[in-house]
$ cat model34.cif   # mmCIF, C-alpha atoms and all ligand atoms
data_entry
loop_
_atom_site.label_atom_id
_atom_site.label_comp_id
_atom_site.auth_asym_id
_atom_site.auth_seq_id
_atom_site.Cartn_x
_atom_site.Cartn_y
_atom_site.Cartn_z
CA MET B 1 65.76 84.22 110.30
CA ASN B 2 64.71 87.69 109.23
CA ARG B 3 67.40 90.30 109.55
CA ASN B 4 66.65 93.97 109.68
CA ALA B 5 68.56 96.25 107.39
CA LEU B 6 71.15 98.48 109.02
CA SER B 7 70.58 102.18 109.45
CA PRO B 8 72.27 104.05 106.61
CA ARG B 9 75.87 104.93 107.35
CA ASP B 10 76.60 108.62 107.99
CA TYR B 11 79.38 109.23 105.49
CA ASP B 12 79.82 112.82 106.69
CA TRP B 13 80.69 111.50 110.13
CA GLN B 14 83.03 108.79 108.89
CA PRO B 15 86.40 109.81 107.40
CA LYS B 16 86.33 110.57 103.70
CA PRO B 17 88.27 108.08 101.57
CA LEU B 18 90.61 110.79 100.26
CA THR B 19 92.34 112.79 102.99
CA PRO B 20 95.48 114.11 101.25
CA ASP B 21 97.18 115.13 104.51
CA TYR B 22 97.33 111.39 105.14
CA ARG B 23 99.50 110.63 102.14
CA SER B 24 98.74 106.91 101.83
CA SER B 25 95.09 107.72 101.09
CA ILE B 26 95.95 109.49 97.84
CA LEU B 27 96.48 106.38 95.74
CA ARG B 28 94.28 104.08 97.81
CA SER B 29 90.97 105.93 97.97
CA PRO B 30 88.21 104.91 95.57
CA GLN B 31 87.08 107.80 93.38
CA GLN B 32 83.70 106.47 92.28
CA ALA B 33 80.58 106.64 94.42
CA LEU B 34 79.67 103.53 96.40
CA LEU B 35 76.85 101.48 94.93
CA ARG B 36 73.93 101.39 97.38
CA ILE B 37 72.45 97.93 98.05
CA GLU B 38 68.83 97.97 99.20
CA GLY B 39 66.90 95.04 100.58
CA PRO B 40 68.03 91.68 101.90
CA SER B 41 71.68 90.91 101.49
CA PRO B 42 74.08 88.37 102.98
CA GLU B 43 76.11 91.19 104.52
CA LEU B 44 73.29 91.62 107.06
CA ASP B 45 74.53 88.41 108.66
CA GLY B 46 78.04 87.68 109.72
CA PRO B 47 80.35 85.14 111.28
CA VAL B 48 79.75 83.94 114.84
CA PHE B 49 82.68 83.35 117.19
CA GLU B 50 82.50 80.97 120.12
CA SER B 51 83.95 82.19 123.39
CA ASP B 52 85.63 78.81 123.95
CA THR B 53 88.02 79.57 121.08
CA ILE B 54 89.52 82.37 123.19
CA GLY B 55 92.42 81.41 125.45
CA PRO B 56 92.63 82.61 129.07
CA LEU B 57 95.55 84.96 128.35
CA ASP B 58 94.34 86.25 124.98
CA SER B 59 93.16 89.56 126.47
CA ASP B 60 96.31 90.02 128.59
CA LEU B 61 98.94 91.65 126.38
CA ILE B 62 101.28 92.02 129.35
CA ARG B 63 101.52 88.24 129.61
CA ASN B 64 100.24 86.52 126.45
CA TYR B 65 103.33 86.77 124.27
CA ALA B 66 105.76 86.14 127.11
CA ALA B 67 103.86 83.07 128.26
CA ALA B 68 103.72 81.69 124.72
CA ASN B 69 107.49 81.96 124.62
CA GLY B 70 108.19 80.43 128.01
CA SER B 71 109.02 83.68 129.80
CA ASP B 72 107.89 84.61 133.31
CA THR B 73 108.62 88.30 132.75
CA ASP B 74 105.91 90.89 132.11
CA ALA B 75 105.99 93.30 129.18
CA ILE B 76 107.65 96.65 129.93
CA GLY B 77 105.60 99.82 130.17
CA PRO B 78 102.85 101.57 132.12
CA ARG B 79 100.28 98.93 133.03
CA ILE B 80 96.77 99.84 131.87
CA ILE B 81 93.31 98.35 131.60
CA VAL B 82 91.45 99.27 128.41
CA HIS B 83 87.78 98.49 128.67
CA GLY B 84 84.37 99.53 127.47
CA ARG B 85 81.25 98.23 125.81
CA VAL B 86 80.32 97.42 122.25
CA LEU B 87 76.88 98.91 121.55
CA ASP B 88 74.88 99.64 118.46
CA GLU B 89 73.49 103.00 117.39
CA ASN B 90 70.22 102.14 119.15
CA ASN B 91 72.13 101.85 122.44
CA ARG B 92 71.70 98.09 122.51
CA PRO B 93 74.62 95.99 123.76
CA VAL B 94 76.37 93.79 121.21
CA PRO B 95 77.23 90.60 123.13
CA ASN B 96 79.29 87.62 121.93
CA THR B 97 81.25 89.53 119.36
CA LEU B 98 84.96 89.29 118.68
CA VAL B 99 87.13 92.29 119.56
CA GLU B 100 90.75 92.17 118.41
CA VAL B 101 93.46 94.70 119.25
CA TRP B 102 97.02 95.35 118.18
CA GLN B 103 99.51 97.99 119.21
CA ALA B 104 103.13 99.12 119.42
CA ASN B 105 105.11 98.45 122.59
CA ALA B 106 105.83 101.09 125.22
CA GLY B 107 108.66 102.48 123.06
CA GLY B 108 106.45 102.86 119.99
CA ARG B 109 107.85 99.80 118.21
CA TYR B 110 105.69 97.15 116.51
CA ARG B 111 106.67 93.51 116.35
CA HIS B 112 106.47 93.24 112.55
CA VAL B 113 108.85 92.18 109.80
CA ASN B 114 108.44 95.51 107.97
CA GLU B 115 108.95 97.65 111.08
CA GLY B 116 112.17 99.67 111.10
CA TYR B 117 111.77 102.14 113.96
CA LEU B 118 114.88 102.33 116.12
CA ALA B 119 113.09 101.85 119.45
CA PRO B 120 113.86 98.35 120.73
CA LEU B 121 111.59 95.35 120.71
CA ASP B 122 110.43 94.16 124.10
CA PRO B 123 111.17 90.42 124.22
CA ASN B 124 108.06 89.95 126.37
CA PHE B 125 105.60 91.93 124.27
CA GLY B 126 103.87 90.70 121.11
CA GLY B 127 101.19 93.36 120.71
CA CYS B 128 98.05 91.38 119.87
CA GLY B 129 95.03 90.57 122.01
CA ARG B 130 91.42 89.52 121.64
CA CYS B 131 88.28 88.81 123.60
CA ILE B 132 84.57 88.15 123.13
CA THR B 133 82.12 90.69 124.51
CA GLY B 134 79.94 89.70 127.48
CA ASP B 135 76.18 89.93 127.90
CA SER B 136 76.25 93.73 128.24
CA GLY B 137 78.66 94.10 125.33
CA GLU B 138 81.57 94.61 127.70
CA TYR B 139 85.19 93.91 126.85
CA ARG B 140 88.42 94.33 128.80
CA PHE B 141 92.12 94.19 127.97
CA LEU B 142 95.17 94.38 130.19
CA THR B 143 98.13 95.89 128.35
CA VAL B 144 100.93 98.43 128.49
CA GLN B 145 100.45 101.96 127.25
CA PRO B 146 101.84 102.09 123.70
CA GLY B 147 104.40 104.71 122.78
CA ALA B 148 104.03 107.34 120.07
CA TYR B 149 106.01 106.64 116.91
CA PRO B 150 107.11 108.51 113.79
CA PHE B 151 105.76 107.53 110.37
CA PRO B 152 106.80 108.54 106.87
CA ASN B 153 103.97 110.93 105.97
CA GLY B 154 105.55 114.37 106.19
CA PRO B 155 108.98 115.67 107.20
CA ASN B 156 108.38 115.00 110.93
CA THR B 157 105.07 113.25 111.48
CA TRP B 158 104.19 111.22 114.54
CA ARG B 159 101.31 108.98 115.45
CA PRO B 160 99.77 109.70 118.85
CA ALA B 161 99.75 106.68 121.15
CA HIS B 162 96.95 104.42 119.95
CA ILE B 163 95.53 100.93 120.03
CA HIS B 164 94.07 99.44 116.84
CA PHE B 165 90.66 97.78 117.28
CA SER B 166 88.85 95.34 114.99
CA VAL B 167 85.19 94.60 115.78
CA PHE B 168 82.70 92.30 114.06
CA GLY B 169 79.17 92.84 115.40
CA GLN B 170 76.49 90.54 114.03
CA ALA B 171 76.52 91.64 110.40
CA PHE B 172 79.38 91.71 107.90
CA ALA B 173 78.17 95.22 107.05
CA GLN B 174 78.88 96.29 110.66
CA ARG B 175 82.53 95.30 110.33
CA LEU B 176 84.73 98.04 111.76
CA ILE B 177 88.42 98.72 112.22
CA THR B 178 89.36 101.79 114.20
CA GLN B 179 91.90 103.21 116.66
CA MET B 180 91.64 104.36 120.24
CA TYR B 181 93.67 107.38 121.33
CA PHE B 182 94.52 108.46 124.87
CA GLU B 183 92.96 111.41 126.67
CA GLY B 184 95.27 114.40 126.86
CA ASP B 185 97.77 113.35 124.18
CA PRO B 186 99.01 116.54 122.43
CA LEU B 187 99.92 114.55 119.31
CA ILE B 188 96.27 113.79 118.51
CA ALA B 189 95.67 117.30 117.17
CA ARG B 190 98.73 117.02 114.92
CA CYS B 191 97.91 113.64 113.38
CA SER B 192 96.51 113.48 109.85
CA ILE B 193 95.01 110.03 110.43
CA ALA B 194 93.23 111.00 113.64
CA ASN B 195 91.97 114.11 111.85
CA ALA B 196 90.66 112.27 108.82
CA MET B 197 87.14 112.98 110.13
CA THR B 198 85.94 116.55 109.65
CA ASP B 199 83.62 116.68 112.69
CA PRO B 200 85.60 117.26 115.91
CA ALA B 201 83.00 115.21 117.80
CA ALA B 202 83.90 112.21 115.63
CA LEU B 203 87.55 112.42 116.68
CA ALA B 204 86.53 112.99 120.30
CA SER B 205 84.65 109.68 120.21
CA LEU B 206 87.93 107.87 119.46
CA VAL B 207 89.65 109.16 122.58
CA GLY B 208 89.75 106.71 125.47
CA VAL B 209 89.16 108.53 128.74
CA LEU B 210 91.00 107.98 131.99
CA ASP B 211 88.67 105.92 134.17
CA MET B 212 89.86 105.94 137.77
CA SER B 213 86.83 103.87 138.82
CA ALA B 214 88.17 100.92 136.84
CA SER B 215 91.81 101.41 137.81
CA VAL B 216 93.43 99.08 140.33
CA PRO B 217 95.22 100.77 143.26
CA MET B 218 98.97 100.18 143.26
CA ASP B 219 98.62 98.20 140.02
CA CYS B 220 97.30 99.94 136.91
CA LEU B 221 95.37 102.87 135.48
CA ALA B 222 92.34 102.32 133.26
CA TYR B 223 90.98 103.87 130.08
CA ARG B 224 87.41 103.55 128.89
CA PHE B 225 86.50 103.31 125.21
CA ASP B 226 82.98 102.43 124.05
CA ILE B 227 82.54 101.23 120.48
CA ILE B 228 79.34 101.91 118.57
CA LEU B 229 78.40 99.73 115.60
CA ARG B 230 75.71 100.47 113.04
CA GLY B 231 72.21 99.78 114.33
CA ARG B 232 69.44 97.70 112.82
CA GLY B 233 66.46 99.49 111.36
CA SER B 234 62.94 98.55 112.36
CA THR B 235 61.66 96.61 109.36
CA PRO B 236 62.69 92.98 109.05
CA PHE B 237 62.82 91.56 105.55
CA GLU B 238 60.02 89.01 105.17
CA ASN B 239 61.53 87.36 102.15
CA ARG B 240 65.03 86.82 103.42
CA LEU B 241 66.57 83.83 101.71
CA GLU B 242 67.90 80.68 103.29
CA GLY B 243 71.56 80.28 104.00
CA ASN B 244 74.28 81.60 106.23
CA MET A 245 70.63 107.51 118.37
CA LEU A 246 74.31 107.05 119.12
CA LYS A 247 76.79 107.77 116.35
CA GLU A 248 78.72 104.92 114.77
CA THR A 249 82.35 104.86 115.92
CA PRO A 250 84.43 106.42 113.14
CA SER A 251 86.63 104.06 111.19
CA GLN A 252 90.40 104.50 111.08
CA THR A 253 92.93 102.91 108.76
CA ALA A 254 94.08 99.42 109.70
CA GLY A 255 97.63 100.67 109.06
CA PRO A 256 100.49 98.63 107.64
CA TYR A 257 100.71 96.23 110.59
CA VAL A 258 97.14 94.89 110.65
CA HIS A 259 98.69 91.41 110.60
CA ILE A 260 99.74 91.69 114.24
CA GLY A 261 96.14 91.75 115.37
CA CYS A 262 94.35 89.84 112.64
CA THR A 263 96.76 87.26 111.19
CA PRO A 264 99.43 87.01 113.91
CA CYS A 265 100.41 83.39 113.25
CA SER A 266 101.17 84.00 109.59
CA ALA A 267 102.99 87.23 110.54
CA GLY A 268 105.48 85.48 112.80
CA LEU A 269 103.76 86.11 116.14
CA THR A 270 103.41 82.42 116.71
CA GLY A 271 102.24 80.84 119.93
CA VAL A 272 99.83 83.48 121.19
CA TYR A 273 96.83 82.01 119.35
CA PRO A 274 96.70 78.38 118.13
CA ALA A 275 95.75 79.55 114.63
CA ASP A 276 94.75 82.70 112.79
CA PRO A 277 90.96 83.19 112.83
CA GLY A 278 89.47 82.45 109.42
CA ALA A 279 92.65 80.87 108.07
CA SER A 280 90.87 77.94 106.41
CA ILE A 281 87.50 76.33 105.87
CA THR A 282 86.55 73.23 107.83
CA ALA A 283 87.37 69.97 106.07
CA ASP A 284 83.70 68.98 105.96
CA ALA A 285 82.39 72.20 104.38
CA PRO A 286 80.03 70.94 101.67
CA GLY A 287 80.61 72.05 98.12
CA VAL A 288 83.01 72.04 95.21
CA ARG A 289 86.54 73.07 96.13
CA ILE A 290 87.74 76.25 94.45
CA ARG A 291 90.47 78.82 94.90
CA ILE A 292 89.98 82.58 94.62
CA GLU A 293 93.14 84.60 94.17
CA GLY A 294 94.19 88.00 93.03
CA LYS A 295 95.84 91.28 93.90
CA ILE A 296 94.58 94.64 95.06
CA PHE A 297 95.96 97.53 93.00
CA ASP A 298 96.36 101.17 93.96
CA GLY A 299 96.01 104.16 91.65
CA ALA A 300 99.59 103.74 90.39
CA ASN A 301 98.83 100.13 89.49
CA ALA A 302 101.04 98.81 92.29
CA PRO A 303 99.74 95.82 94.26
CA LEU A 304 98.98 96.41 97.94
CA ARG A 305 101.31 94.24 99.96
CA ASP A 306 99.96 95.26 103.35
CA ALA A 307 96.21 94.72 102.93
CA LEU A 308 93.79 92.44 104.75
CA ILE A 309 90.86 90.89 102.92
CA GLU A 310 87.91 89.02 104.40
CA LEU A 311 85.42 86.76 102.66
CA TRP A 312 81.82 85.95 103.65
CA GLN A 313 79.74 83.44 101.69
CA PRO A 314 77.33 80.52 102.08
CA ASP A 315 78.79 77.04 101.80
CA GLY A 316 78.00 74.86 98.78
CA GLN A 317 74.65 73.80 100.23
CA SER A 318 73.68 77.20 101.62
CA ASN A 319 73.47 75.72 105.12
CA ALA A 320 76.12 77.71 106.88
CA GLY A 321 78.17 80.82 106.40
CA ILE A 322 81.87 80.64 105.62
CA TRP A 323 84.11 83.44 106.82
CA LEU A 324 87.77 83.59 105.80
CA ARG A 325 90.48 86.17 106.32
CA LYS A 326 93.81 86.55 104.55
CA SER A 327 96.51 89.14 104.32
CA THR A 328 97.99 89.89 100.93
CA ASP A 329 101.48 88.42 100.51
CA LEU A 330 104.06 90.81 101.97
CA LYS A 331 106.26 90.43 98.86
CA THR A 332 103.92 89.77 95.93
CA GLY A 333 100.62 91.23 97.09
CA VAL A 334 98.72 88.05 96.16
CA TYR A 335 95.76 87.02 98.31
CA GLN A 336 94.39 83.52 98.14
CA PHE A 337 91.24 81.88 99.52
CA ASP A 338 90.80 78.12 99.34
CA THR A 339 87.08 77.67 99.74
CA VAL A 340 84.03 76.03 98.15
CA LYS A 341 81.84 77.42 95.45
CA PRO A 342 78.96 79.18 97.23
CA ALA A 343 75.43 77.91 96.78
CA ALA A 344 73.25 80.14 94.67
CA ARG A 345 70.61 82.15 96.49
CA SER A 346 67.82 83.53 94.32
CA GLY A 347 70.23 84.64 91.60
CA PRO A 348 73.76 83.67 90.63
CA PRO A 349 76.29 82.76 93.37
CA TYR A 350 78.78 85.29 94.67
CA VAL A 351 81.08 85.91 97.63
CA CYS A 352 81.16 89.06 99.77
CA LEU A 353 84.55 90.70 100.34
CA TRP A 354 85.82 93.39 102.71
CA ILE A 355 89.18 95.14 102.35
CA VAL A 356 91.22 97.22 104.76
CA ALA A 357 94.79 98.52 104.52
CA ARG A 358 97.09 101.44 105.18
CA GLY A 359 95.62 104.42 103.34
CA ILE A 360 92.06 103.04 103.40
CA ASN A 361 90.18 105.18 105.90
CA LEU A 362 86.96 103.18 105.77
CA GLY A 363 86.84 99.44 104.97
CA LEU A 364 85.61 98.61 101.47
CA HIS A 365 82.83 96.13 100.70
CA THR A 366 82.56 94.47 97.32
CA ARG A 367 81.36 91.16 95.82
CA MET A 368 82.88 88.65 93.45
CA TYR A 369 80.72 86.80 90.91
CA PHE A 370 81.73 83.76 88.85
CA PRO A 371 82.40 83.93 85.11
CA ASP A 372 80.79 80.52 84.48
CA GLU A 373 77.35 81.37 85.86
CA GLU A 374 74.20 82.97 84.50
CA ASN A 375 74.93 86.48 85.81
CA GLY A 376 72.63 88.37 83.47
CA PRO A 377 69.60 88.88 85.72
CA ASP A 378 71.51 89.82 88.86
CA PRO A 379 70.23 93.20 90.14
CA LEU A 380 73.57 94.38 91.51
CA LEU A 381 75.37 93.62 88.25
CA LYS A 382 72.65 95.41 86.36
CA GLN A 383 72.98 98.38 88.68
CA ALA A 384 76.75 98.39 88.09
CA GLY A 385 76.11 99.01 84.38
CA PRO A 386 79.30 99.42 82.36
CA ARG A 387 81.39 98.64 85.47
CA ARG A 388 79.86 95.18 86.00
CA ASP A 389 82.94 93.34 84.77
CA THR A 390 84.92 94.66 87.75
CA LEU A 391 82.76 92.34 89.89
CA ILE A 392 83.25 89.16 87.88
CA ALA A 393 86.23 86.85 88.32
CA THR A 394 88.11 85.41 85.36
CA ARG A 395 89.73 82.07 84.62
CA PRO A 396 92.58 83.04 82.30
CA ASP A 397 94.54 79.81 82.81
CA ALA A 398 91.69 77.44 83.55
CA GLU A 399 93.23 74.25 82.22
CA GLU A 400 96.70 74.89 83.56
CA ASP A 401 95.38 75.86 87.00
CA GLU A 402 93.19 72.84 87.25
CA ARG A 403 96.10 70.59 86.27
CA ASP A 404 98.21 72.14 89.06
CA THR A 405 95.62 72.24 91.81
CA GLY A 406 92.99 69.70 90.83
CA PHE A 407 90.25 72.30 91.25
CA PRO A 408 89.12 75.53 89.61
CA VAL A 409 91.04 78.75 90.29
CA TYR A 410 89.24 82.07 89.90
CA ARG A 411 91.24 85.29 89.52
CA PHE A 412 89.79 88.41 91.01
CA ASP A 413 91.88 91.57 90.97
CA ILE A 414 90.57 94.58 92.83
CA ARG A 415 91.38 98.12 91.67
CA LEU A 416 91.03 100.97 94.15
CA GLN A 417 91.23 103.69 91.49
CA GLY A 418 91.48 104.28 87.78
CA GLU A 419 89.54 103.42 84.68
CA ARG A 420 88.67 99.95 85.91
CA GLU A 421 88.02 100.86 89.54
CA THR A 422 86.18 98.02 91.27
CA VAL A 423 82.58 98.70 92.28
CA PHE A 424 82.45 99.14 96.06
CA LEU A 425 79.23 98.88 98.00
CA ASP A 426 77.18 100.80 100.53
CA ILE A 427 75.11 98.17 102.35
FE FE B 501 99.55 101.99 114.53
#

$ encode --input "model34.cif" --output "structure tokens"
Amino acid sequence: MNRNALSPRDYDWQPKPLTPDYRSSILRSPQQALLRIEGPSPELDGPVFESDTIGPLDSDLIRNYAAANGSDTDAIGPRIIVHGRVLDENNRPVPNTLVEVWQANAGGRYRHVNEGYLAPLDPNFGGCGRCITGDSGEYRFLTVQPGAYPFPNGPNTWRPAHIHFSVFGQAFAQRLITQMYFEGDPLIARCSIANAMTDPAALASLVGVLDMSASVPMDCLAYRFDIILRGRGSTPFENRLEGN
Amino acid sequence: MLKETPSQTAGPYVHIGCTPCSAGLTGVYPADPGASITADAPGVRIRIEGKIFDGANAPLRDALIELWQPDGQSNAGIWLRKSTDLKTGVYQFDTVKPAARSGPPYVCLWIVARGINLGLHTRMYFPDEENGPDPLLKQAGPRRDTLIATRPDAEEDERDTGFPVYRFDIRLQGERETVFLDI
């Protein structure tokens, strides 16, 4: 199989490695320039995930943890659908790719051994979900709206409500982890992580928008969040090597 | 052209979404994706282990690292994913030695963590291979050694495990900062 190279990444659009207002980046940001790899490389392919490895409740965060623990009770919090499409920069759908999410519960508390926030755990909420995109790149989760939470960055710093997303695409070099914020949240403008990008349009693209057309009357609201992965260029490599 | 979705840090709790079973969220998924290779993956068994160090030389204990490589016959890709140990910061991949492509064999790695705004790609080469002609290592110049694993306790490791153990520490900053890639 010949794989096209990916379009070069726009590093002015992506967050810089060092964003001192986000304190954790100070000691964890590489200081040397990245080494550019031209030509065929194994990172232009990536792992393939079969949809039959995904359980029927995996994309339902309101039920998946409770059901796994023998509970009939739903997770607490505002019921929401989070949906959208995974596309590439050329506006082509990315089907059959794994989308994983994780989030705090409605009180802003994560289910994690290192988590110390005083908001309570919800016994019926785990906070992880996953699905495989459909033919048009579409994905859909049912969950509860996560709460904002404080984090030790400055004297009184809070994360806006957000859902963490991990997306694969078809190339290891497309691998992306990001966060979706919620339209209208006043904490977005105050968050050093959300503002790690310098272009306001970049931050705007991380904000899920209220989508009444996908909401379910008397059941749940919906937010729409499309995810764009790097696109393939136009020239396939003729001499791509065997393997993976 | 659409713009690529901006990356955001994976944060300190990446385990909830990516390695839930090993993070105590048992029962939701039958197993963590990429937790182990299939038993029939062809090739010589090896282990790759190491730590990821920040600019103060402290190991990251909340990182996630993914591996992508061909199997020992170059027939199929192997993808693995591990979190660094929450106490020690050690990551560990039990895999097979990748088949060589045109040059020496290597594995591709991708790292995310709290404080890393954009995931980091790198590669690990093997110390017991003919690495001289490799174009990437040449391009890395004086920093090439940051891409090559070591076997400091080869005999002892092999006695304990029965197979070779390669150490590969990753440094995010400092004099021996690992070479990271733009692919
Ligand atoms: Fe978070």

$ residues_around --input "model34.cif" --residues "B:Ser24" --least-positions-apart "5" --cutoff "8 Å" --atoms "all atoms listed in the file" --output "PyMOL selection string"
(chain B and resi 153) or (chain A and resi 358-360)

$ closest_atom_pairs --input "model34.cif" --of "chain A" --to "ligand FE 501 (chain B)" --cutoff "8 Å" --atoms "all atoms listed in the file" --output "JSON lines"
{"residue": "A:Ala254", "atom": "CA", "partner": "B:FE501", "partner_atom": "FE", "distance": 7.7}
{"residue": "A:Gly255", "atom": "CA", "partner": "B:FE501", "partner_atom": "FE", "distance": 5.9}
{"residue": "A:Pro256", "atom": "CA", "partner": "B:FE501", "partner_atom": "FE", "distance": 7.7}
{"residue": "A:Tyr257", "atom": "CA", "partner": "B:FE501", "partner_atom": "FE", "distance": 7.1}

$ closest_residue --input "model34.cif" --among "B:Asp185, B:Ser51, B:Arg130, B:Gln174" --to "B:Pro8" --atoms "only C-alpha atoms"
B:Gln174

$ residues_around --input "model34.cif" --residues "B:Asp58" --least-positions-apart "2" --cutoff "6 Å" --atoms "all atoms listed in the file" --output "VMD selection string"
chain B and resid 55 to 56 60 129 to 130

$ residues_around --input "model34.cif" --residues "stretch 380-396 of chain A" --least-positions-apart "5" --cutoff "12 Å" --atoms "all atoms listed in the file" --output "number ranges by chain"
B: 32-39, 41; A: 290-295, 347-353, 365-375, 401-402, 407-427

$ write_last_selection --input "model34.cif" --atoms "C-alpha atoms" --output "JSON list (two decimals), in the frame of the given file"
[["chain", "number", "residue", "atom", "x", "y", "z"],
["B", 32, "GLN", "CA", 83.70, 106.47, 92.28],
["B", 33, "ALA", "CA", 80.58, 106.64, 94.42],
["B", 34, "LEU", "CA", 79.67, 103.53, 96.40],
["B", 35, "LEU", "CA", 76.85, 101.48, 94.93],
["B", 36, "ARG", "CA", 73.93, 101.39, 97.38],
["B", 37, "ILE", "CA", 72.45, 97.93, 98.05],
["B", 38, "GLU", "CA", 68.83, 97.97, 99.20],
["B", 39, "GLY", "CA", 66.90, 95.04, 100.58],
["B", 41, "SER", "CA", 71.68, 90.91, 101.49],
["A", 290, "ILE", "CA", 87.74, 76.25, 94.45],
["A", 291, "ARG", "CA", 90.47, 78.82, 94.90],
["A", 292, "ILE", "CA", 89.98, 82.58, 94.62],
["A", 293, "GLU", "CA", 93.14, 84.60, 94.17],
["A", 294, "GLY", "CA", 94.19, 88.00, 93.03],
["A", 295, "LYS", "CA", 95.84, 91.28, 93.90],
["A", 347, "GLY", "CA", 70.23, 84.64, 91.60],
["A", 348, "PRO", "CA", 73.76, 83.67, 90.63],
["A", 349, "PRO", "CA", 76.29, 82.76, 93.37],
["A", 350, "TYR", "CA", 78.78, 85.29, 94.67],
["A", 351, "VAL", "CA", 81.08, 85.91, 97.63],
["A", 352, "CYS", "CA", 81.16, 89.06, 99.77],
["A", 353, "LEU", "CA", 84.55, 90.70, 100.34],
["A", 365, "HIS", "CA", 82.83, 96.13, 100.70],
["A", 366, "THR", "CA", 82.56, 94.47, 97.32],
["A", 367, "ARG", "CA", 81.36, 91.16, 95.82],
["A", 368, "MET", "CA", 82.88, 88.65, 93.45],
["A", 369, "TYR", "CA", 80.72, 86.80, 90.91],
["A", 370, "PHE", "CA", 81.73, 83.76, 88.85],
["A", 371, "PRO", "CA", 82.40, 83.93, 85.11],
["A", 372, "ASP", "CA", 80.79, 80.52, 84.48],
["A", 373, "GLU", "CA", 77.35, 81.37, 85.86],
["A", 374, "GLU", "CA", 74.20, 82.97, 84.50],
["A", 375, "ASN", "CA", 74.93, 86.48, 85.81],
["A", 401, "ASP", "CA", 95.38, 75.86, 87.00],
["A", 402, "GLU", "CA", 93.19, 72.84, 87.25],
["A", 407, "PHE", "CA", 90.25, 72.30, 91.25],
["A", 408, "PRO", "CA", 89.12, 75.53, 89.61],
["A", 409, "VAL", "CA", 91.04, 78.75, 90.29],
["A", 410, "TYR", "CA", 89.24, 82.07, 89.90],
["A", 411, "ARG", "CA", 91.24, 85.29, 89.52],
["A", 412, "PHE", "CA", 89.79, 88.41, 91.01],
["A", 413, "ASP", "CA", 91.88, 91.57, 90.97],
["A", 414, "ILE", "CA", 90.57, 94.58, 92.83],
["A", 415, "ARG", "CA", 91.38, 98.12, 91.67],
["A", 416, "LEU", "CA", 91.03, 100.97, 94.15],
["A", 417, "GLN", "CA", 91.23, 103.69, 91.49],
["A", 418, "GLY", "CA", 91.48, 104.28, 87.78],
["A", 419, "GLU", "CA", 89.54, 103.42, 84.68],
["A", 420, "ARG", "CA", 88.67, 99.95, 85.91],
["A", 421, "GLU", "CA", 88.02, 100.86, 89.54],
["A", 422, "THR", "CA", 86.18, 98.02, 91.27],
["A", 423, "VAL", "CA", 82.58, 98.70, 92.28],
["A", 424, "PHE", "CA", 82.45, 99.14, 96.06],
["A", 425, "LEU", "CA", 79.23, 98.88, 98.00],
["A", 426, "ASP", "CA", 77.18, 100.80, 100.53],
["A", 427, "ILE", "CA", 75.11, 98.17, 102.35]]

$ residues_around --input "model34.cif" --residues "B:Ser205" --least-positions-apart "2" --cutoff "10 Å" --atoms "only C-alpha atoms" --output "MDAnalysis selection string"
(chainID B and resid 180:181 200:203 207:209 225:228) or (chainID A and resid 247:250)

$ write_last_selection --input "model34.cif" --atoms "C-alpha atoms" --output "CSV table (one decimal), in the coordinates of the input"
chain,number,residue,atom,x,y,z
B,180,MET,CA,91.6,104.4,120.2
B,181,TYR,CA,93.7,107.4,121.3
B,200,PRO,CA,85.6,117.3,115.9
B,201,ALA,CA,83.0,115.2,117.8
B,202,ALA,CA,83.9,112.2,115.6
B,203,LEU,CA,87.6,112.4,116.7
B,207,VAL,CA,89.6,109.2,122.6
B,208,GLY,CA,89.8,106.7,125.5
B,209,VAL,CA,89.2,108.5,128.7
B,225,PHE,CA,86.5,103.3,125.2
B,226,ASP,CA,83.0,102.4,124.0
B,227,ILE,CA,82.5,101.2,120.5
B,228,ILE,CA,79.3,101.9,118.6
A,247,LYS,CA,76.8,107.8,116.4
A,248,GLU,CA,78.7,104.9,114.8
A,249,THR,CA,82.4,104.9,115.9
A,250,PRO,CA,84.4,106.4,113.1

$ atom_distance --input "model34.cif" --atom1 "atom CA of B:Gly137" --atom2 "atom CA of B:Arg85"
4.9 Å

$ residues_around --input "model34.cif" --residues "B:Asp88" --least-positions-apart "5" --cutoff "6 Å" --atoms "only C-alpha atoms" --output "compact mmCIF listing (two decimals) with C-alpha atoms, in the coordinates of the input"
# COMPACT_ATOMS: atom_id res chain seq x y z
CA ILE B 228 79.34 101.91 118.57
CA LEU B 229 78.40 99.73 115.60
CA ARG B 230 75.71 100.47 113.04
CA GLY B 231 72.21 99.78 114.33
